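Undergrad: My questions will all concern the structure given below.
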Amino acid sequence: MKHTNQSENQTMENTAPEKKKNKKPFIIGGVLSTILIIGIIYFIIGANYENSDNAQLDADIIPIKSSVSGYIKTIHFKDNEHVKKGQLLITIDDTDLKTRVAQSEAALESAKANLLSVKSNANAVSENADASALSSSSVQQNINSTKAKLTKSQADFKRIESMFHSKAATQSQFDAAKADLDISQAQYDGAVSQFKSATAQSQGVRSQAEAQKAQITLAEAMVKQREAELALSQTQLENATIEAPCDGIVTKRAVDEGQYISIAAPLCSVIDNIHLWVTANFKETQVKKIKVGQEVDIKVDAFPSIKIKGTIGSFIGATGAKFSLLPPDNSTGNFVKIIQRVPMRIEITDYPAEARDILFPGLSVIVEVKVK
C-alpha cells in the first residue's frame with residue numbers, strides 16, 4: 001500500500017507543473033489582447049478628440065469703485081453674499097450732493113431768467129432799429145421832395161434872370177426868384193443832412209440789435225452750461241447709491257461704514273458666476289484640428305461627477321507667452337524650443353442647474369474637443 005501511495009503522489013507531482021505550464025500562453029495572450037484593445041481605444045480617441053488639462057473656469061470679475069467722494073453711510077451686503085442685478089450694495093452720505101443739486105437748479109433758473117431779459121432787450125432794440133429805418137426812409141422821401149422843389153426853383157430863377165436881363169422882368173421878381181432858389185437849396189441841404197444823421201442813427205441802433213443777438217447766443221450757452229452742471233450734480237447724487245451690476249457673488253469688501261472715500265476708490269468686487277466660460281491652453285501641435293463651433297466635453301477636477309458641455313468659441317489670437325510680463329525674445333541667442341500654448345475660449349452650453357452655486361472661476365478642468 002505504501003508503494004502504491006508513493007506512486008500516485010509522484011504522478012500528481014509530475015502532472016501539476018504541466019497544468020501550470022499550459023496556462024501561461026493564455027495569460028500572455030490575454031495581456032496582449034488587453035494591451036491591443038487599449039491601444040485601439042486610445043488611437044480612436046486620439047484621432048477623434050484633442051484634450052488638455054491646462055484649462056480653468058473663467059468669469060467676469062467686476063471691480064466696484066466709487067464715482068463720488070464722501071462718507072460711507074450704509075453697507076447693505078455681507079462678504080461672499082449672492083446678489084441680484086440692481087440690488088443696493090453701498091450708500092454714500094448724499095447731504096453735500098443734494099446741496100449741489102439745489103445750487104445747480106438755482107443757477108439754471110437764474111440763467112433762464114437772464115435769457116428772457118436779454119431776449120426782451122433784443123426785441124426792444126430791434127424794434128428801435130426798425131423805427132429808425134422807417135425814419136430814414138421818411139427822410140429819403142423828404143429829400144426827393146426838396147430836390148424836386150429845388151429843381152423847379154432853379155428853372156424859375158433862370159427864366160426870371162433871362163427876362164430880367166432883357167428888361168422883361170422887374171427887380172422885385174428877380175429878387176423873389178433868387179430868394180425862392182436860396183430857400184429851396186437850403187431845404188434840400190437840410191434834408192440831405194437829416195438823412196445822413198438818420199442813417200447813422202439807424203446803423204447805430206442796428207449795431208446794438210446785432211450786439212443784443214450775440215448776447216442772446218451767450219445767454220443760451222450759459223443756460224446749456226447750467227443744464228449740464230445740473231445733470232452732472234444729479235448723476236453724482238444717483239451715484240451715491242451703488243448697485244450690483246449683475247447677478248453673482250459680492251466679495252472683497254474694502255470699506256467700512258463711516259469711512260471717507262475718494263473718487264475711484266475700490267469698494268468691492270462682484271463675480272458673475274452665472275455666465276461662465278472655460279479658458280483652455282492647447283499645444284500648438286493640436287491647433288490645426290480644432291475649429292470654432294466644435295463640441296467640447298468638460299470635466300471639473302473638484303466635481304468629477306458634473307458633466308458640462310461646451311463649444312469652441314474663439315481663439316485668443318496669440319500664444320500665452322506673448323501676453324506674459326516679459327515675453328521671450330528668441331533673437332537673444334539663448335534659444336530653447338518649447339511647445340507653445342494657444343489660449344482658447346470655450347463657451348459653456350449646458351450644465352446641471354444644481355452646479356451653478358458650486359462652480360466658480362479658477363477651478364481646474366479637463367477639456368476634450370471632438371474634432372471628428
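Order determines the names: the first chain of the C-alpha cells is A, the second B, and so forth; residues in each chain are numbered 1 upward, and ligands are numbered 1 upward as they are shown.
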Can you list, as a ChimeraX atom specification, every protein, DNA or RNA residue that comes within 8 Å of Ala254 in chain A when you count only C-alpha atoms, leaving out same-chain residues fewer than 6 positions away?
TA: /A:266-268
Undergrad: Write a file of the selected residues as a short mmCIF file (atom, residue, chain, number, x, y, z; two decimals), in the first residue's frame, keeping N, CA and C atoms.
TA:
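Just written: selection-v3.cif:
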```
data_model
loop_
_atom_site.label_atom_id
_atom_site.label_comp_id
_atom_site.auth_asym_id
_atom_site.auth_seq_id
_atom_site.Cartn_x
_atom_site.Cartn_y
_atom_site.Cartn_z
N PRO A 266 -11.54 101.74 -4.56
CA PRO A 266 -12.12 100.40 -4.67
C PRO A 266 -13.03 100.10 -3.47
N LEU A 267 -14.19 99.55 -3.76
CA LEU A 267 -15.17 99.26 -2.70
C LEU A 267 -15.34 97.75 -2.50
N CYS A 268 -15.55 97.03 -3.60
CA CYS A 268 -15.74 95.58 -3.53
C CYS A 268 -15.66 95.03 -4.95
#
```
Undergrad: In range 215-356 of chain A, what's strand (DSSP E or B) per DSSP? Answer as a CSV table (one decimal) with N, CA, C and O atoms, in the first residue's frame?
TA:
```
chain,number,residue,atom,x,y,z
A,241,THR,N,-25.7,106.0,-4.5
A,241,THR,CA,-26.2,104.7,-4.2
A,241,THR,C,-25.6,103.7,-5.2
A,241,THR,O,-25.8,103.9,-6.4
A,242,ILE,N,-24.9,102.7,-4.7
A,242,ILE,CA,-24.1,101.8,-5.6
A,242,ILE,C,-24.9,100.5,-5.6
A,242,ILE,O,-25.1,99.9,-4.6
A,243,GLU,N,-25.2,100.0,-6.9
A,243,GLU,CA,-25.9,98.8,-7.1
A,243,GLU,C,-25.1,97.7,-7.7
A,243,GLU,O,-24.1,98.0,-8.4
A,248,GLY,N,-24.7,87.6,-9.2
A,248,GLY,CA,-23.4,87.0,-8.8
A,248,GLY,C,-23.1,87.0,-7.4
A,248,GLY,O,-24.0,87.1,-6.5
A,249,ILE,N,-21.8,87.0,-7.0
A,249,ILE,CA,-21.4,87.0,-5.7
A,249,ILE,C,-20.6,88.2,-5.4
A,249,ILE,O,-19.6,88.5,-6.2
A,250,VAL,N,-20.9,89.0,-4.4
A,250,VAL,CA,-20.2,90.2,-4.0
A,250,VAL,C,-19.1,89.8,-2.9
A,250,VAL,O,-19.4,89.1,-1.9
A,251,THR,N,-17.9,90.2,-3.1
A,251,THR,CA,-16.8,89.8,-2.3
A,251,THR,C,-15.8,90.9,-2.2
A,251,THR,O,-15.9,92.0,-2.9
A,260,TYR,N,-14.3,107.6,5.0
A,260,TYR,CA,-14.3,108.6,3.9
A,260,TYR,C,-13.6,108.0,2.7
A,260,TYR,O,-12.5,107.4,2.8
A,261,ILE,N,-14.3,108.1,1.5
A,261,ILE,CA,-13.7,107.5,0.3
A,261,ILE,C,-13.6,108.7,-0.7
A,261,ILE,O,-14.3,109.6,-0.7
A,266,PRO,N,-11.5,101.7,-4.6
A,266,PRO,CA,-12.1,100.4,-4.7
A,266,PRO,C,-13.0,100.1,-3.5
A,266,PRO,O,-12.7,100.4,-2.3
A,267,LEU,N,-14.2,99.5,-3.8
A,267,LEU,CA,-15.2,99.3,-2.7
A,267,LEU,C,-15.3,97.7,-2.5
A,267,LEU,O,-15.3,97.3,-1.4
A,268,CYS,N,-15.5,97.0,-3.6
A,268,CYS,CA,-15.7,95.6,-3.5
A,268,CYS,C,-15.7,95.0,-4.9
A,268,CYS,O,-15.4,95.8,-5.9
A,269,SER,N,-15.9,93.8,-5.1
A,269,SER,CA,-16.0,93.1,-6.4
A,269,SER,C,-17.2,92.2,-6.5
A,269,SER,O,-17.6,91.7,-5.5
A,270,VAL,N,-17.7,92.2,-7.7
A,270,VAL,CA,-18.9,91.3,-8.0
A,270,VAL,C,-18.5,90.3,-9.0
A,270,VAL,O,-18.0,90.6,-10.1
A,271,ILE,N,-18.6,89.0,-8.7
A,271,ILE,CA,-18.2,87.9,-9.6
A,271,ILE,C,-19.5,87.4,-10.3
A,271,ILE,O,-20.5,86.9,-9.7
A,277,TRP,N,-17.3,80.6,-18.6
A,277,TRP,CA,-16.7,80.0,-19.8
A,277,TRP,C,-15.4,79.4,-19.3
A,277,TRP,O,-15.0,79.5,-18.2
A,278,VAL,N,-14.8,78.7,-20.2
A,278,VAL,CA,-13.5,78.0,-20.0
A,278,VAL,C,-12.4,78.6,-20.8
A,278,VAL,O,-12.6,78.8,-22.0
A,279,THR,N,-11.3,78.8,-20.2
A,279,THR,CA,-10.1,79.2,-20.9
A,279,THR,C,-9.2,78.0,-21.0
A,279,THR,O,-8.7,77.6,-19.9
A,280,ALA,N,-9.0,77.5,-22.1
A,280,ALA,CA,-8.1,76.3,-22.3
A,280,ALA,C,-6.9,76.6,-23.1
A,280,ALA,O,-7.0,77.3,-24.1
A,281,ASN,N,-5.8,76.1,-22.7
A,281,ASN,CA,-4.5,76.3,-23.4
A,281,ASN,C,-4.0,75.0,-24.1
A,281,ASN,O,-3.6,74.1,-23.4
A,282,PHE,N,-4.2,75.0,-25.4
A,282,PHE,CA,-3.8,73.8,-26.2
A,282,PHE,C,-2.4,73.9,-26.7
A,282,PHE,O,-1.9,75.0,-27.0
A,283,LYS,N,-1.8,72.8,-26.9
A,283,LYS,CA,-0.5,72.8,-27.5
A,283,LYS,C,-0.6,73.3,-29.0
A,283,LYS,O,-1.6,73.0,-29.6
A,295,GLU,N,-17.7,70.7,-30.6
A,295,GLU,CA,-18.3,70.3,-29.3
A,295,GLU,C,-17.1,70.0,-28.4
A,295,GLU,O,-16.1,69.5,-28.8
A,296,VAL,N,-17.3,70.3,-27.1
A,296,VAL,CA,-16.3,70.1,-26.1
A,296,VAL,C,-17.0,69.4,-24.9
A,296,VAL,O,-18.0,69.8,-24.4
A,297,ASP,N,-16.3,68.4,-24.3
A,297,ASP,CA,-16.7,67.8,-23.1
A,297,ASP,C,-15.8,68.3,-22.0
A,297,ASP,O,-14.6,68.4,-22.1
A,298,ILE,N,-16.4,68.8,-20.9
A,298,ILE,CA,-15.7,69.5,-19.8
A,298,ILE,C,-15.9,68.7,-18.5
A,298,ILE,O,-17.0,68.4,-18.1
A,299,LYS,N,-14.7,68.4,-17.8
A,299,LYS,CA,-14.8,67.8,-16.5
A,299,LYS,C,-14.1,68.6,-15.5
A,299,LYS,O,-13.0,69.1,-15.8
A,300,VAL,N,-14.8,68.9,-14.4
A,300,VAL,CA,-14.2,69.7,-13.4
A,300,VAL,C,-13.5,68.8,-12.4
A,300,VAL,O,-14.0,67.8,-11.9
A,307,LYS,N,-21.2,66.8,-15.4
A,307,LYS,CA,-21.0,66.7,-16.8
A,307,LYS,C,-21.4,68.1,-17.4
A,307,LYS,O,-22.5,68.6,-17.3
A,308,ILE,N,-20.4,68.7,-18.1
A,308,ILE,CA,-20.6,70.0,-18.7
A,308,ILE,C,-20.3,69.9,-20.2
A,308,ILE,O,-19.3,69.3,-20.6
A,309,LYS,N,-21.1,70.6,-21.0
A,309,LYS,CA,-21.0,70.6,-22.4
A,309,LYS,C,-20.6,72.0,-22.8
A,309,LYS,O,-21.0,73.0,-22.2
A,310,GLY,N,-19.9,72.1,-23.9
A,310,GLY,CA,-19.5,73.4,-24.4
A,310,GLY,C,-19.1,73.3,-25.9
A,310,GLY,O,-19.2,72.3,-26.5
A,311,THR,N,-18.8,74.5,-26.5
A,311,THR,CA,-18.3,74.6,-27.8
A,311,THR,C,-17.1,75.6,-27.9
A,311,THR,O,-17.0,76.5,-27.1
A,312,ILE,N,-16.2,75.3,-28.9
A,312,ILE,CA,-15.1,76.3,-29.1
A,312,ILE,C,-15.7,77.6,-29.5
A,312,ILE,O,-16.4,77.7,-30.6
A,313,GLY,N,-15.4,78.7,-28.7
A,313,GLY,CA,-16.0,80.0,-29.0
A,313,GLY,C,-15.1,80.8,-29.9
A,313,GLY,O,-15.5,81.4,-30.9
A,314,SER,N,-13.8,80.9,-29.5
A,314,SER,CA,-12.8,81.7,-30.2
A,314,SER,C,-11.4,81.4,-29.8
A,314,SER,O,-11.2,80.8,-28.7
A,315,PHE,N,-10.5,81.8,-30.7
A,315,PHE,CA,-9.1,81.7,-30.4
A,315,PHE,C,-8.6,83.1,-29.8
A,315,PHE,O,-9.1,84.1,-30.3
A,341,ARG,N,1.7,77.3,-26.0
A,341,ARG,CA,0.3,77.1,-25.7
A,341,ARG,C,-0.6,78.2,-26.3
A,341,ARG,O,-0.2,79.3,-26.3
A,342,VAL,N,-1.7,77.8,-27.0
A,342,VAL,CA,-2.6,78.7,-27.6
A,342,VAL,C,-3.9,78.8,-26.8
A,342,VAL,O,-4.6,77.8,-26.7
A,343,PRO,N,-4.2,79.9,-26.1
A,343,PRO,CA,-5.4,80.0,-25.3
A,343,PRO,C,-6.6,80.0,-26.2
A,343,PRO,O,-6.7,80.7,-27.3
A,344,MET,N,-7.7,79.4,-25.8
A,344,MET,CA,-9.0,79.4,-26.5
A,344,MET,C,-10.1,79.6,-25.5
A,344,MET,O,-10.0,79.2,-24.3
A,345,ARG,N,-11.1,80.2,-26.0
A,345,ARG,CA,-12.3,80.4,-25.1
A,345,ARG,C,-13.4,79.4,-25.5
A,345,ARG,O,-13.7,79.3,-26.7
A,346,ILE,N,-13.8,78.7,-24.5
A,346,ILE,CA,-14.8,77.6,-24.7
A,346,ILE,C,-16.1,78.1,-24.0
A,346,ILE,O,-16.1,78.3,-22.8
A,347,GLU,N,-17.2,78.3,-24.8
A,347,GLU,CA,-18.5,78.7,-24.3
A,347,GLU,C,-19.2,77.5,-23.7
A,347,GLU,O,-19.3,76.4,-24.4
A,348,ILE,N,-19.7,77.6,-22.5
A,348,ILE,CA,-20.4,76.6,-21.8
A,348,ILE,C,-21.9,76.6,-22.3
A,348,ILE,O,-22.5,77.7,-22.3
A,349,THR,N,-22.3,75.5,-22.9
A,349,THR,CA,-23.7,75.5,-23.4
A,349,THR,C,-24.7,74.7,-22.5
A,349,THR,O,-25.9,75.0,-22.6
A,350,ASP,N,-24.2,73.9,-21.7
A,350,ASP,CA,-25.1,73.1,-20.8
A,350,ASP,C,-24.4,72.6,-19.6
A,350,ASP,O,-23.2,72.1,-19.7
```
Undergrad: Do a neighbour search on Leu88 in chain A at 12 Å with only C-alpha atoms, toss out local chain neighbours closer than 6 positions, and write the hits as number ranges by chain.
TA: A: 74-78, 238-246, 250
Undergrad: Please build the interface table for range 197-288 of chain A against range 94-109 of chain A with a cut-off of 8 Å, listing for each qualifying residue the nearest atom pair and the distance in Å to one decimal; count only C-alpha atoms, order rows by chain and increasing number, and write it as CSV.
TA:
```
residue,atom,partner,partner_atom,distance
A:Val223,CA,A:Leu108,CA,6.2
A:Arg226,CA,A:Leu108,CA,4.9
A:Glu227,CA,A:Leu108,CA,6.2
A:Glu229,CA,A:Ser104,CA,6.2
A:Leu230,CA,A:Ser104,CA,4.9
A:Ser233,CA,A:Val101,CA,5.3
A:Gln234,CA,A:Val101,CA,6.1
A:Gln236,CA,A:Leu97,CA,6.9
A:Leu237,CA,A:Leu97,CA,5.5
A:Ala240,CA,A:Asp94,CA,6.2
```
Undergrad: Pick from A:Lys158, A:Lys322, A:Lys289, A:Lys152: nearest to Asn48 in chain A, with only C-alpha atoms counted?
TA: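 That would be A:Lys289, the residue with the smallest distance to Asn48 in chain A.
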Undergrad: Which residues are near Leu276 in chain A? Cut-off 9 Å, only C-alpha atoms, ignore same chain within fewer than 5 positions. Put them as a PyMOL selection string.
TA: chain A and resi 57-60+347-348+359-361
Undergrad: Which of these residues is nearest to Ala265 in chain A, using only C-alpha atoms: A:Phe303, A:Val68, A:Asn51, A:Thr34?
TA: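 Selected residue with least distance to Ala265 in chain A: A:Val68.
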Undergrad: Take CA of Lys112 in chain A and CA of Ala214 in chain A and report the distance between them in Å, one decimal.
TA: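 Pair CA of Lys112 in chain A / CA of Ala214 in chain A returns 15.9 Å.
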Undergrad: Please indicate the distance in Å from CA of Leu363 in chain A to CA of Ala302 in chain A, rounded to one decimal place.
TA: 7.3 Å
Undergrad: Find, counting only C-alpha atoms, the residue in A:Glu284, A:Gly258, A:Arg159, A:Lys213 that gets nearest to Ala318 in chain A.
TA: A:Glu284
Undergrad: With only C-alpha atoms as the atoms that count, which of A:Ile92, A:Ala176, A:Ala231, A:Val287 lies nearest to Gln259 in chain A?
TA: A:Ile92
Undergrad: Of the candidates A:Leu181, A:Asn121, A:Asp175, A:Lys291, which one gets nearest to Ala148 in chain A if we count only C-alpha atoms?
TA: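 Checking each of A:Leu181, A:Asn121, A:Asp175, A:Lys291 against Ala148 in chain A, counting only C-alpha atoms, the winner is A:Leu181.
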